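Colleague: Got a structure for you, final-v6.txt, holding compact mmCIF, C-alpha atoms.
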```
# COMPACT_ATOMS: atom_id res chain seq x y z
CA MET U 137 -37.60 -89.18 20.96
CA HIS U 138 -37.17 -86.25 23.38
CA GLU U 139 -40.82 -86.95 24.20
CA THR U 140 -39.60 -89.53 26.73
CA ALA U 141 -37.80 -86.81 28.70
CA VAL U 142 -40.88 -84.58 28.48
CA ALA U 143 -43.14 -87.46 29.62
CA GLU U 144 -40.90 -88.28 32.56
CA SER U 145 -40.86 -84.64 33.63
CA ILE U 146 -44.68 -84.31 33.43
CA LEU U 147 -45.14 -87.55 35.34
CA GLN U 148 -42.88 -86.43 38.20
CA THR U 149 -44.83 -83.19 38.59
CA ILE U 150 -48.20 -84.95 38.53
CA LEU U 151 -47.05 -87.58 41.05
CA GLN U 152 -45.88 -84.82 43.36
CA HIS U 153 -49.27 -83.06 43.17
CA ALA U 154 -51.13 -86.37 43.57
CA GLU U 155 -49.24 -86.99 46.78
CA GLU U 156 -50.03 -83.49 48.07
CA THR U 157 -53.75 -83.69 47.26
CA GLY U 158 -54.19 -87.38 48.00
CA ALA U 159 -56.42 -87.72 44.94
CA LYS U 160 -56.06 -89.83 41.80
CA PRO U 161 -55.12 -87.83 38.70
CA THR U 162 -57.43 -88.44 35.75
CA GLY U 163 -56.21 -86.01 33.11
CA ALA U 164 -53.66 -83.34 32.24
CA ILE U 165 -53.38 -80.65 29.60
CA ILE U 166 -50.02 -79.67 28.15
CA SER U 167 -49.27 -77.07 25.49
CA CYS U 168 -46.38 -76.51 23.14
CA GLY U 169 -45.24 -74.10 20.46
CA GLN U 170 -44.42 -74.69 16.81
CA PHE U 171 -40.67 -75.05 17.11
CA ASN U 172 -40.41 -77.43 20.05
CA ALA U 173 -41.46 -80.31 17.81
CA LEU U 174 -43.71 -82.42 20.00
CA ASN U 175 -45.23 -85.29 18.10
CA ASP U 176 -48.67 -86.23 19.48
CA GLU U 177 -48.35 -89.95 18.88
CA CYS U 178 -44.84 -90.17 20.38
CA MET U 179 -45.94 -88.02 23.31
CA GLN U 180 -48.98 -90.18 24.09
CA PHE U 181 -46.92 -93.35 23.79
CA ALA U 182 -44.11 -92.00 25.96
CA PHE U 183 -46.52 -90.78 28.64
CA GLU U 184 -48.42 -94.08 28.67
CA ALA U 185 -45.13 -95.94 29.10
CA ALA U 186 -43.89 -93.62 31.84
CA ALA U 187 -47.22 -93.69 33.73
CA GLY U 188 -47.54 -97.49 33.65
CA GLY U 189 -47.57 -98.99 37.15
CA THR U 190 -48.09 -95.61 38.85
CA ILE U 191 -51.22 -93.85 40.10
CA CYS U 192 -51.19 -92.02 36.73
CA GLU U 193 -51.76 -95.17 34.69
CA GLY U 194 -54.66 -94.65 32.27
CA MET U 195 -54.64 -90.86 32.63
CA ASN U 196 -55.89 -88.79 29.74
CA LEU U 197 -53.26 -86.48 28.23
CA THR U 198 -54.36 -83.55 26.05
CA ILE U 199 -51.77 -81.80 23.87
CA LYS U 200 -52.45 -78.26 22.67
CA HIS U 201 -50.38 -76.75 19.85
CA ILE U 202 -50.09 -72.96 20.14
CA PRO U 203 -49.62 -71.13 16.80
CA LEU U 204 -46.56 -68.96 16.29
CA GLN U 205 -47.31 -65.24 15.85
CA ALA U 206 -45.30 -63.01 13.54
CA LYS U 207 -45.45 -59.27 13.03
CA CYS U 208 -45.18 -57.89 9.51
CA LYS U 209 -42.49 -55.23 9.02
CA GLN U 210 -44.41 -53.67 6.12
CA CYS U 211 -48.04 -53.37 7.22
CA ARG U 212 -47.39 -53.99 10.95
CA VAL U 213 -50.19 -56.55 11.23
CA THR U 214 -49.70 -59.54 13.55
CA PHE U 215 -50.46 -62.84 11.88
CA GLU U 216 -50.33 -66.58 12.51
CA PHE U 217 -47.13 -67.90 10.94
CA ASN U 218 -47.64 -70.76 8.50
CA ILE U 219 -44.48 -72.50 7.36
CA TYR U 220 -46.13 -73.64 4.12
CA SER U 221 -46.93 -70.04 3.24
CA PRO U 222 -44.33 -67.97 5.07
CA VAL U 223 -45.62 -64.51 4.18
CA CYS U 224 -47.78 -61.87 5.87
CA SER U 225 -51.44 -62.92 5.76
CA GLN U 226 -52.49 -59.37 4.87
CA CYS U 227 -49.89 -57.88 2.48
CA GLU U 228 -47.91 -61.05 1.61
CA SER U 229 -44.62 -59.45 2.57
CA ALA U 230 -41.83 -61.88 3.50
CA GLU U 231 -40.34 -59.37 5.97
CA TYR U 232 -41.50 -60.09 9.50
CA ASP U 233 -40.36 -60.62 13.07
CA PHE U 234 -41.35 -63.62 15.15
CA GLU U 235 -43.00 -63.26 18.50
CA SER U 236 -41.50 -65.80 20.92
CA ASP U 237 -42.63 -69.36 20.37
CA ALA U 238 -44.83 -70.85 23.11
CA PRO U 239 -42.88 -72.87 25.69
CA LEU U 240 -43.64 -76.44 26.72
CA LEU U 241 -46.14 -76.01 29.54
CA LEU U 242 -48.00 -78.27 31.91
CA GLU U 243 -51.20 -76.23 32.10
CA THR U 244 -53.59 -78.17 34.31
CA ILE U 245 -54.00 -81.47 36.12
CA GLU U 246 -57.47 -82.92 36.71
CA PHE U 247 -58.07 -85.08 39.80
CA GLU U 248 -60.89 -87.47 40.67
CA ASP U 249 -63.42 -85.86 43.03
CA GLU U 250 -63.13 -87.32 46.50
CA THR U 251 -66.92 -87.76 46.70
CA GLN U 252 -66.87 -90.21 43.79
CA MET Y 194 -60.90 -81.05 40.93
CA LYS Y 195 -58.70 -79.09 38.57
CA VAL Y 196 -55.28 -77.70 39.45
CA SER Y 197 -53.89 -74.95 37.22
CA LEU Y 198 -50.11 -74.92 37.04
CA ASN Y 199 -48.85 -73.36 33.81
CA GLN Y 200 -45.46 -74.71 34.73
CA LYS Y 201 -42.61 -75.15 32.27
CA ILE Y 202 -42.27 -78.86 31.64
CA LEU Y 203 -38.52 -78.93 31.24
CA SER Y 204 -38.05 -76.54 34.18
CA ARG Y 205 -35.49 -78.78 35.87
CA ASN Y 206 -33.36 -78.71 32.74
CA GLU Y 207 -33.85 -74.96 32.44
CA GLU Y 208 -32.86 -74.29 36.06
CA CYS Y 209 -29.64 -76.21 35.48
CA ALA Y 210 -29.11 -74.44 32.14
CA GLN Y 211 -29.33 -71.10 34.00
CA LYS Y 212 -26.62 -72.30 36.40
CA ASN Y 213 -24.39 -73.22 33.44
CA LYS Y 214 -25.11 -69.87 31.78
CA ALA Y 215 -24.15 -68.03 34.97
CA PHE Y 216 -20.93 -70.05 35.21
CA PHE Y 217 -19.95 -69.18 31.63
CA ALA Y 218 -20.78 -65.49 32.16
CA GLU Y 219 -18.82 -65.26 35.44
CA ASN Y 220 -15.76 -66.86 33.88
CA GLY Y 221 -15.93 -64.95 30.59
CA ILE Y 222 -16.37 -68.14 28.60
CA LEU Y 223 -18.06 -68.37 25.22
CA CYS Y 224 -20.02 -71.64 25.10
CA LEU Y 225 -21.25 -73.06 21.80
CA ASN Y 226 -23.86 -75.82 21.53
CA VAL Y 227 -23.17 -77.52 18.19
CA ILE Y 228 -26.09 -79.47 16.74
CA SER Y 229 -26.34 -81.44 13.48
CA SER Y 230 -27.27 -84.75 11.90
CA PRO Y 231 -24.79 -87.61 12.31
CA GLY Y 232 -21.96 -87.44 9.79
CA SER Y 233 -22.22 -83.75 8.95
CA GLY Y 234 -18.65 -83.10 10.11
CA LYS Y 235 -19.03 -81.68 13.63
CA THR Y 236 -15.91 -83.34 15.00
CA THR Y 237 -13.82 -82.48 11.92
CA THR Y 238 -14.97 -78.85 12.03
CA ILE Y 239 -14.24 -78.54 15.76
CA SER Y 240 -10.84 -80.25 15.38
CA ARG Y 241 -9.78 -77.93 12.57
CA THR Y 242 -10.98 -74.90 14.53
CA ILE Y 243 -8.90 -75.97 17.54
CA GLN Y 244 -5.79 -76.44 15.40
CA ASP Y 245 -6.14 -73.23 13.41
CA LEU Y 246 -6.90 -71.06 16.46
CA HIS Y 247 -4.56 -72.74 18.98
CA ASP Y 248 -2.44 -69.60 19.43
CA LYS Y 249 -5.50 -67.36 19.87
CA LEU Y 250 -7.99 -69.34 21.95
CA THR Y 251 -7.96 -72.04 24.61
CA ILE Y 252 -10.82 -74.30 23.61
CA GLY Y 253 -12.27 -77.14 25.67
CA VAL Y 254 -14.75 -79.62 24.25
CA ILE Y 255 -17.65 -81.57 25.74
CA GLU Y 256 -18.50 -84.50 23.50
CA GLY Y 257 -21.95 -86.10 23.50
CA ASP Y 258 -22.41 -89.51 21.94
CA ILE Y 259 -24.63 -92.48 22.58
CA LYS Y 260 -21.60 -94.76 22.85
CA THR Y 261 -17.78 -94.64 22.71
CA ASP Y 262 -15.21 -91.92 23.35
CA THR Y 263 -13.77 -91.89 19.81
CA ASP Y 264 -14.75 -88.24 19.26
CA ALA Y 265 -13.07 -87.13 22.49
CA GLN Y 266 -9.92 -88.96 21.36
CA LYS Y 267 -9.98 -87.09 18.03
CA ILE Y 268 -10.36 -83.77 19.86
CA ARG Y 269 -7.43 -84.58 22.18
CA ALA Y 270 -5.35 -85.50 19.13
CA ALA Y 271 -6.17 -82.04 17.75
CA GLY Y 272 -4.64 -80.54 20.89
CA ALA Y 273 -7.58 -79.63 23.15
CA GLU Y 274 -8.93 -81.02 26.37
CA ALA Y 275 -12.12 -83.02 25.99
CA VAL Y 276 -14.68 -84.72 28.20
CA GLN Y 277 -16.86 -87.44 26.75
CA ILE Y 278 -20.47 -87.91 27.82
CA GLU Y 279 -21.89 -91.29 26.81
CA THR Y 280 -25.66 -90.89 26.88
CA GLN Y 281 -26.28 -94.68 26.73
CA GLY Y 282 -29.12 -94.33 24.27
CA ALA Y 283 -30.46 -90.85 25.00
CA CYS Y 284 -30.81 -88.77 21.84
CA HIS Y 285 -29.73 -85.41 23.32
CA LEU Y 286 -27.58 -83.86 26.04
CA SER Y 287 -29.19 -82.36 29.14
CA ALA Y 288 -28.04 -79.30 31.08
CA GLU Y 289 -27.27 -81.53 34.07
CA GLN Y 290 -24.88 -83.70 32.07
CA VAL Y 291 -23.15 -80.58 30.78
CA HIS Y 292 -22.94 -79.21 34.34
CA ARG Y 293 -20.99 -82.28 35.46
CA ALA Y 294 -18.81 -82.17 32.33
CA ILE Y 295 -17.90 -78.50 32.96
CA GLU Y 296 -16.37 -79.55 36.29
CA ALA Y 297 -14.58 -82.55 34.80
CA LEU Y 298 -13.16 -80.35 32.03
CA GLY Y 299 -11.86 -77.64 34.36
CA ALA Y 300 -13.69 -75.19 32.11
CA GLU Y 301 -12.84 -72.06 34.12
CA LYS Y 302 -9.44 -71.86 32.42
CA MET Y 303 -10.92 -71.97 28.89
CA ASP Y 304 -11.83 -69.10 26.54
CA VAL Y 305 -14.32 -71.21 24.64
CA VAL Y 306 -16.22 -74.37 25.54
CA ILE Y 307 -17.68 -76.23 22.58
CA ILE Y 308 -20.41 -78.76 23.28
CA GLU Y 309 -20.73 -81.28 20.48
CA ASN Y 310 -24.26 -82.55 20.95
CA VAL Y 311 -25.48 -86.04 20.02
CA GLY Y 312 -25.86 -86.33 16.23
CA ASN Y 313 -29.57 -85.60 15.79
CA LEU Y 314 -31.33 -82.66 14.17
CA VAL Y 315 -34.53 -82.90 16.24
CA CYS Y 316 -34.26 -83.65 19.95
CA PRO Y 317 -31.21 -81.63 21.07
CA SER Y 318 -32.89 -78.38 20.07
CA ALA Y 319 -35.51 -78.78 22.84
CA PHE Y 320 -32.86 -78.72 25.58
CA ASP Y 321 -31.16 -75.49 26.59
CA LEU Y 322 -27.69 -76.30 27.91
CA GLY Y 323 -26.93 -72.76 29.06
CA GLU Y 324 -24.86 -72.05 25.94
CA SER Y 325 -23.96 -68.53 24.78
CA ALA Y 326 -24.72 -69.41 21.16
CA ARG Y 327 -26.23 -72.27 19.22
CA VAL Y 328 -24.47 -73.44 16.06
CA ILE Y 329 -26.15 -75.71 13.52
CA LEU Y 330 -24.15 -77.66 10.95
CA LEU Y 331 -25.69 -78.76 7.69
CA SER Y 332 -23.53 -80.67 5.22
CA VAL Y 333 -24.01 -80.61 1.46
CA PRO Y 334 -24.51 -84.42 1.08
CA GLU Y 335 -27.45 -84.33 3.51
CA GLY Y 336 -29.49 -82.47 0.91
CA ASP Y 337 -30.97 -79.02 0.53
CA ASP Y 338 -34.31 -79.82 2.20
CA LYS Y 339 -33.07 -79.88 5.80
CA PRO Y 340 -34.01 -76.33 6.90
CA VAL Y 341 -37.59 -76.74 5.71
CA LYS Y 342 -37.89 -80.20 7.27
CA TYR Y 343 -36.42 -79.18 10.64
CA PRO Y 344 -37.62 -75.58 11.03
CA GLY Y 345 -37.51 -75.58 14.84
CA THR Y 346 -33.83 -76.49 14.90
CA PHE Y 347 -32.84 -73.78 12.42
CA ALA Y 348 -35.10 -71.20 14.07
CA GLU Y 349 -33.04 -71.36 17.27
CA ALA Y 350 -29.62 -71.01 15.59
CA ASP Y 351 -27.23 -68.10 16.10
CA ALA Y 352 -24.97 -69.44 13.36
CA VAL Y 353 -25.37 -72.02 10.61
CA LEU Y 354 -22.36 -73.68 8.99
CA ILE Y 355 -23.01 -75.18 5.58
CA ASN Y 356 -20.20 -77.74 5.55
CA LYS Y 357 -18.54 -79.86 2.83
CA ILE Y 358 -18.85 -77.16 0.17
CA ASP Y 359 -15.95 -78.89 -1.60
CA LEU Y 360 -18.63 -81.38 -2.73
CA PHE Y 361 -20.81 -78.78 -4.50
CA ASP Y 362 -19.66 -80.06 -7.91
CA TYR Y 363 -20.67 -83.64 -7.19
CA ILE Y 364 -24.01 -83.25 -5.46
CA ASP Y 365 -27.29 -81.72 -6.54
CA PHE Y 366 -27.62 -79.08 -3.81
CA ASN Y 367 -29.59 -75.90 -4.30
CA LEU Y 368 -27.72 -73.37 -2.16
CA GLU Y 369 -30.15 -70.53 -2.92
CA ARG Y 370 -33.02 -72.65 -1.65
CA VAL Y 371 -31.18 -73.49 1.58
CA LEU Y 372 -30.32 -69.85 2.26
CA ALA Y 373 -33.92 -68.77 1.59
CA ASP Y 374 -35.39 -71.54 3.75
CA ILE Y 375 -33.14 -70.66 6.68
CA ARG Y 376 -34.14 -66.99 6.32
CA VAL Y 377 -37.85 -67.92 6.50
CA VAL Y 378 -37.53 -69.23 10.06
CA ASN Y 379 -34.46 -67.28 11.13
CA PRO Y 380 -33.71 -63.91 9.51
CA ASP Y 381 -30.87 -63.14 11.97
CA ALA Y 382 -28.65 -66.24 11.88
CA LYS Y 383 -25.10 -65.82 10.55
CA ILE Y 384 -24.54 -68.29 7.73
CA PHE Y 385 -21.09 -69.57 6.79
CA GLN Y 386 -20.18 -71.74 3.81
CA VAL Y 387 -17.22 -73.89 4.75
CA SER Y 388 -15.24 -77.02 4.08
CA ALA Y 389 -13.62 -78.30 7.25
CA THR Y 390 -11.57 -80.68 5.08
CA THR Y 391 -10.04 -78.15 2.65
CA GLY Y 392 -10.30 -75.14 4.97
CA GLU Y 393 -12.28 -73.09 2.45
CA GLY Y 394 -14.48 -70.46 4.08
CA MET Y 395 -13.24 -71.24 7.60
CA GLU Y 396 -11.70 -67.76 8.01
CA GLN Y 397 -15.11 -66.08 8.20
CA TRP Y 398 -16.24 -68.62 10.80
CA TYR Y 399 -13.09 -67.93 12.83
CA GLU Y 400 -13.69 -64.19 12.65
CA TRP Y 401 -17.19 -64.65 14.06
CA LEU Y 402 -15.92 -67.00 16.75
CA LEU Y 403 -13.08 -64.67 17.80
CA GLU Y 404 -15.40 -61.69 17.86
CA ARG Y 405 -17.93 -63.52 20.02
CA ALA Y 406 -15.20 -64.86 22.31
CA ASN Y 407 -13.63 -61.44 22.81
CA LYS Y 408 -16.98 -59.87 23.49
CA LYS Y 409 -17.31 -62.26 26.37
CA THR Y 410 -13.91 -61.57 27.92
```
Turn this file's structure into structure tokens for me.
Modeller:
Amino acid sequence: MHETAVAESILQTILQHAEETGAKPTGAIISCGQFNALNDECMQFAFEAAAGGTICEGMNLTIKHIPLQAKCKQCRVTFEFNIYSPVCSQCESAEYDFESDAPLLLETIEFEDETQ
Amino acid sequence: MKVSLNQKILSRNEECAQKNKAFFAENGILCLNVISSPGSGKTTTISRTIQDLHDKLTIGVIEGDIKTDTDAQKIRAAGAEAVQIETQGACHLSAEQVHRAIEALGAEKMDVVIIENVGNLVCPSAFDLGESARVILLSVPEGDDKPVKYPGTFAEADAVLINKIDLFDYIDFNLERVLADIRVVNPDAKIFQVSATTGEGMEQWYEWLLERANKKT
């Protein structure tokens, strides 16, 4: 359940920005790679629990999963790595190099418009 | 109103990991982050390594467990200094905890610092501790499906120890499958087949460890 540590970290950043802007946060988008093993359900649960009782309570959290790219050593094509079929999508070679996996990112925070 | 950040979520952990990494580099220390399921033989493997290499390397150990200091006691009995971190429920070690443990250990006088992470094949792999190399243990009784079930953990490994090979005759374990599955996510990892109980295969692991440690000094 490392999602709790991730949730706590996201919450702290959002709270900090909420204080700076003076607006209520309504949503946030995070993204992760294939190897950092974020489970959507755990993540939503952990964030809901962390946000409870703060200005972030009820916020909408969107989780994007970024595919892992690999480059084939045979035909040099770059393809989306699929662990269930771990071969080049073009020539089916099993010889490839991974591009770096996407990091855990807090991409955007959405705040309520002050006019509302 | 939308604010774009694109900020690393675990940036606080990463900043602290960079501090640890700098400390290890400045002091010529090889730091290993050892990750595995519970019961795969981390403590036994580390203890044997300490005993067998005691005249070649000064090894210090940082032990991570949810509760108790029994592992630290075992390490001290093997002849090395150890600091226990009790995470009180947390499923992984953080760079900050390791930073405090480095000071408590007096790590600057060590050649090698081994961090035995909390027994868990998922969560610890998300947290960089500032280590020089990541070592994953997989023991034969756990089964041959672990690399394919935990690809992220094996993808980040510098070395994989397949432990308890003395049990090959008693357990249905497809070694070829394990080697192939590790290669799928990690073509570069060094793989060692060992038994920390009988000592079989440990020499190759020691060679790797000594080479990495000397490179750093």
Colleague: Which residues of chain Y sit at most 12 Å from chain U, using all atoms listed in the file? Give each one's shortest atom pair and distance in Å (one decimal place), in chain and ascending residue order, as a tab-separated table.
Modeller:
```
residue	atom	partner	partner_atom	distance
Y:Met194	CA	U:Phe247	CA	5.1
Y:Lys195	CA	U:Glu246	CA	4.4
Y:Val196	CA	U:Ile245	CA	5.2
Y:Ser197	CA	U:Thr244	CA	4.4
Y:Leu198	CA	U:Glu243	CA	5.2
Y:Asn199	CA	U:Glu243	CA	4.1
Y:Gln200	CA	U:Leu242	CA	5.2
Y:Lys201	CA	U:Leu241	CA	4.5
Y:Ile202	CA	U:Leu241	CA	5.2
Y:Leu203	CA	U:Ser145	CA	6.6
Y:Ser204	CA	U:Ser145	CA	8.6
Y:Arg205	CA	U:Ser145	CA	8.3
Y:Asn206	CA	U:Ser145	CA	9.6
Y:Glu207	CA	U:Leu240	CA	11.4
Y:Gly282	CA	U:Met137	CA	10.5
Y:Ala283	CA	U:His138	CA	8.3
Y:Cys284	CA	U:Met137	CA	6.9
Y:His285	CA	U:His138	CA	7.5
Y:Leu286	CA	U:His138	CA	10.2
Y:Ser287	CA	U:Ala141	CA	9.7
Y:Asn313	CA	U:Met137	CA	10.2
Y:Leu314	CA	U:Ala173	CA	11.0
Y:Val315	CA	U:Ala173	CA	7.6
Y:Cys316	CA	U:His138	CA	5.2
Y:Pro317	CA	U:His138	CA	7.9
Y:Ser318	CA	U:Asn172	CA	7.6
Y:Ala319	CA	U:Asn172	CA	5.8
Y:Phe320	CA	U:His138	CA	9.0
Y:Asp321	CA	U:Asn172	CA	11.5
Y:Pro340	CA	U:Ile219	CA	11.2
Y:Val341	CA	U:Ile219	CA	8.3
Y:Lys342	CA	U:Ile219	CA	10.1
Y:Tyr343	CA	U:Phe171	CA	8.8
Y:Pro344	CA	U:Phe171	CA	6.8
Y:Gly345	CA	U:Phe171	CA	3.9
Y:Thr346	CA	U:Phe171	CA	7.3
Y:Phe347	CA	U:Phe171	CA	9.2
Y:Ala348	CA	U:Phe171	CA	7.4
Y:Glu349	CA	U:Phe171	CA	8.5
Y:Ala350	CA	U:Phe171	CA	11.9
Y:Ala373	CA	U:Ala230	CA	10.7
Y:Asp374	CA	U:Pro222	CA	9.7
Y:Ile375	CA	U:Ile219	CA	11.5
Y:Arg376	CA	U:Ala230	CA	9.7
Y:Val377	CA	U:Pro222	CA	6.6
Y:Val378	CA	U:Ile219	CA	8.1
Y:Asn379	CA	U:Phe234	CA	8.8
Y:Pro380	CA	U:Asp233	CA	8.2
Y:Asp381	CA	U:Asp233	CA	9.9
```
Colleague: Please save C-alpha atoms of the selected residues as a PDB file, keeping the file's coordinate frame.
Modeller:
```pdb
ATOM      1  CA  MET Y 194     -60.900 -81.050  40.930  1.00  0.00           C
ATOM      2  CA  LYS Y 195     -58.700 -79.090  38.570  1.00  0.00           C
ATOM      3  CA  VAL Y 196     -55.280 -77.700  39.450  1.00  0.00           C
ATOM      4  CA  SER Y 197     -53.890 -74.950  37.220  1.00  0.00           C
ATOM      5  CA  LEU Y 198     -50.110 -74.920  37.040  1.00  0.00           C
ATOM      6  CA  ASN Y 199     -48.850 -73.360  33.810  1.00  0.00           C
ATOM      7  CA  GLN Y 200     -45.460 -74.710  34.730  1.00  0.00           C
ATOM      8  CA  LYS Y 201     -42.610 -75.150  32.270  1.00  0.00           C
ATOM      9  CA  ILE Y 202     -42.270 -78.860  31.640  1.00  0.00           C
ATOM     10  CA  LEU Y 203     -38.520 -78.930  31.240  1.00  0.00           C
ATOM     11  CA  SER Y 204     -38.050 -76.540  34.180  1.00  0.00           C
ATOM     12  CA  ARG Y 205     -35.490 -78.780  35.870  1.00  0.00           C
ATOM     13  CA  ASN Y 206     -33.360 -78.710  32.740  1.00  0.00           C
ATOM     14  CA  GLU Y 207     -33.850 -74.960  32.440  1.00  0.00           C
ATOM     15  CA  GLY Y 282     -29.120 -94.330  24.270  1.00  0.00           C
ATOM     16  CA  ALA Y 283     -30.460 -90.850  25.000  1.00  0.00           C
ATOM     17  CA  CYS Y 284     -30.810 -88.770  21.840  1.00  0.00           C
ATOM     18  CA  HIS Y 285     -29.730 -85.410  23.320  1.00  0.00           C
ATOM     19  CA  LEU Y 286     -27.580 -83.860  26.040  1.00  0.00           C
ATOM     20  CA  SER Y 287     -29.190 -82.360  29.140  1.00  0.00           C
ATOM     21  CA  ASN Y 313     -29.570 -85.600  15.790  1.00  0.00           C
ATOM     22  CA  LEU Y 314     -31.330 -82.660  14.170  1.00  0.00           C
ATOM     23  CA  VAL Y 315     -34.530 -82.900  16.240  1.00  0.00           C
ATOM     24  CA  CYS Y 316     -34.260 -83.650  19.950  1.00  0.00           C
ATOM     25  CA  PRO Y 317     -31.210 -81.630  21.070  1.00  0.00           C
ATOM     26  CA  SER Y 318     -32.890 -78.380  20.070  1.00  0.00           C
ATOM     27  CA  ALA Y 319     -35.510 -78.780  22.840  1.00  0.00           C
ATOM     28  CA  PHE Y 320     -32.860 -78.720  25.580  1.00  0.00           C
ATOM     29  CA  ASP Y 321     -31.160 -75.490  26.590  1.00  0.00           C
ATOM     30  CA  PRO Y 340     -34.010 -76.330   6.900  1.00  0.00           C
ATOM     31  CA  VAL Y 341     -37.590 -76.740   5.710  1.00  0.00           C
ATOM     32  CA  LYS Y 342     -37.890 -80.200   7.270  1.00  0.00           C
ATOM     33  CA  TYR Y 343     -36.420 -79.180  10.640  1.00  0.00           C
ATOM     34  CA  PRO Y 344     -37.620 -75.580  11.030  1.00  0.00           C
ATOM     35  CA  GLY Y 345     -37.510 -75.580  14.840  1.00  0.00           C
ATOM     36  CA  THR Y 346     -33.830 -76.490  14.900  1.00  0.00           C
ATOM     37  CA  PHE Y 347     -32.840 -73.780  12.420  1.00  0.00           C
ATOM     38  CA  ALA Y 348     -35.100 -71.200  14.070  1.00  0.00           C
ATOM     39  CA  GLU Y 349     -33.040 -71.360  17.270  1.00  0.00           C
ATOM     40  CA  ALA Y 350     -29.620 -71.010  15.590  1.00  0.00           C
ATOM     41  CA  ALA Y 373     -33.920 -68.770   1.590  1.00  0.00           C
ATOM     42  CA  ASP Y 374     -35.390 -71.540   3.750  1.00  0.00           C
ATOM     43  CA  ILE Y 375     -33.140 -70.660   6.680  1.00  0.00           C
ATOM     44  CA  ARG Y 376     -34.140 -66.990   6.320  1.00  0.00           C
ATOM     45  CA  VAL Y 377     -37.850 -67.920   6.500  1.00  0.00           C
ATOM     46  CA  VAL Y 378     -37.530 -69.230  10.060  1.00  0.00           C
ATOM     47  CA  ASN Y 379     -34.460 -67.280  11.130  1.00  0.00           C
ATOM     48  CA  PRO Y 380     -33.710 -63.910   9.510  1.00  0.00           C
ATOM     49  CA  ASP Y 381     -30.870 -63.140  11.970  1.00  0.00           C
TER      50      ASP Y 381
END
```
Colleague: Grab the atom CA of U:Ala186 to atom CA of U:Gln152 distance for me, in Å with one decimal place.
Modeller: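 Result for atom CA of U:Ala186 versus atom CA of U:Gln152: 14.6 Å, one decimal.
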Colleague: For each of Y:Leu354, Y:Ile252, Y:Cys224, Y:Ile268, take the minimum atom-to-atom distance to Y:Gly394, counting only C-alpha atoms, then give the residue where this is smallest.
Modeller: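 For Y:Gly394, the nearest of the candidates is Y:Leu354.
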Colleague: Measure the distance from atom CA of Y:Arg405 to atom CA of Y:Ile329 in Å and round it to one decimal.
Modeller: 16.1 Å
Colleague: Figure out the distance between atom CA of Y:Ser240 and atom CA of Y:Leu368, please, to one decimal in Å.
Modeller: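 Computing it gives 25.3 Å between the two atoms.
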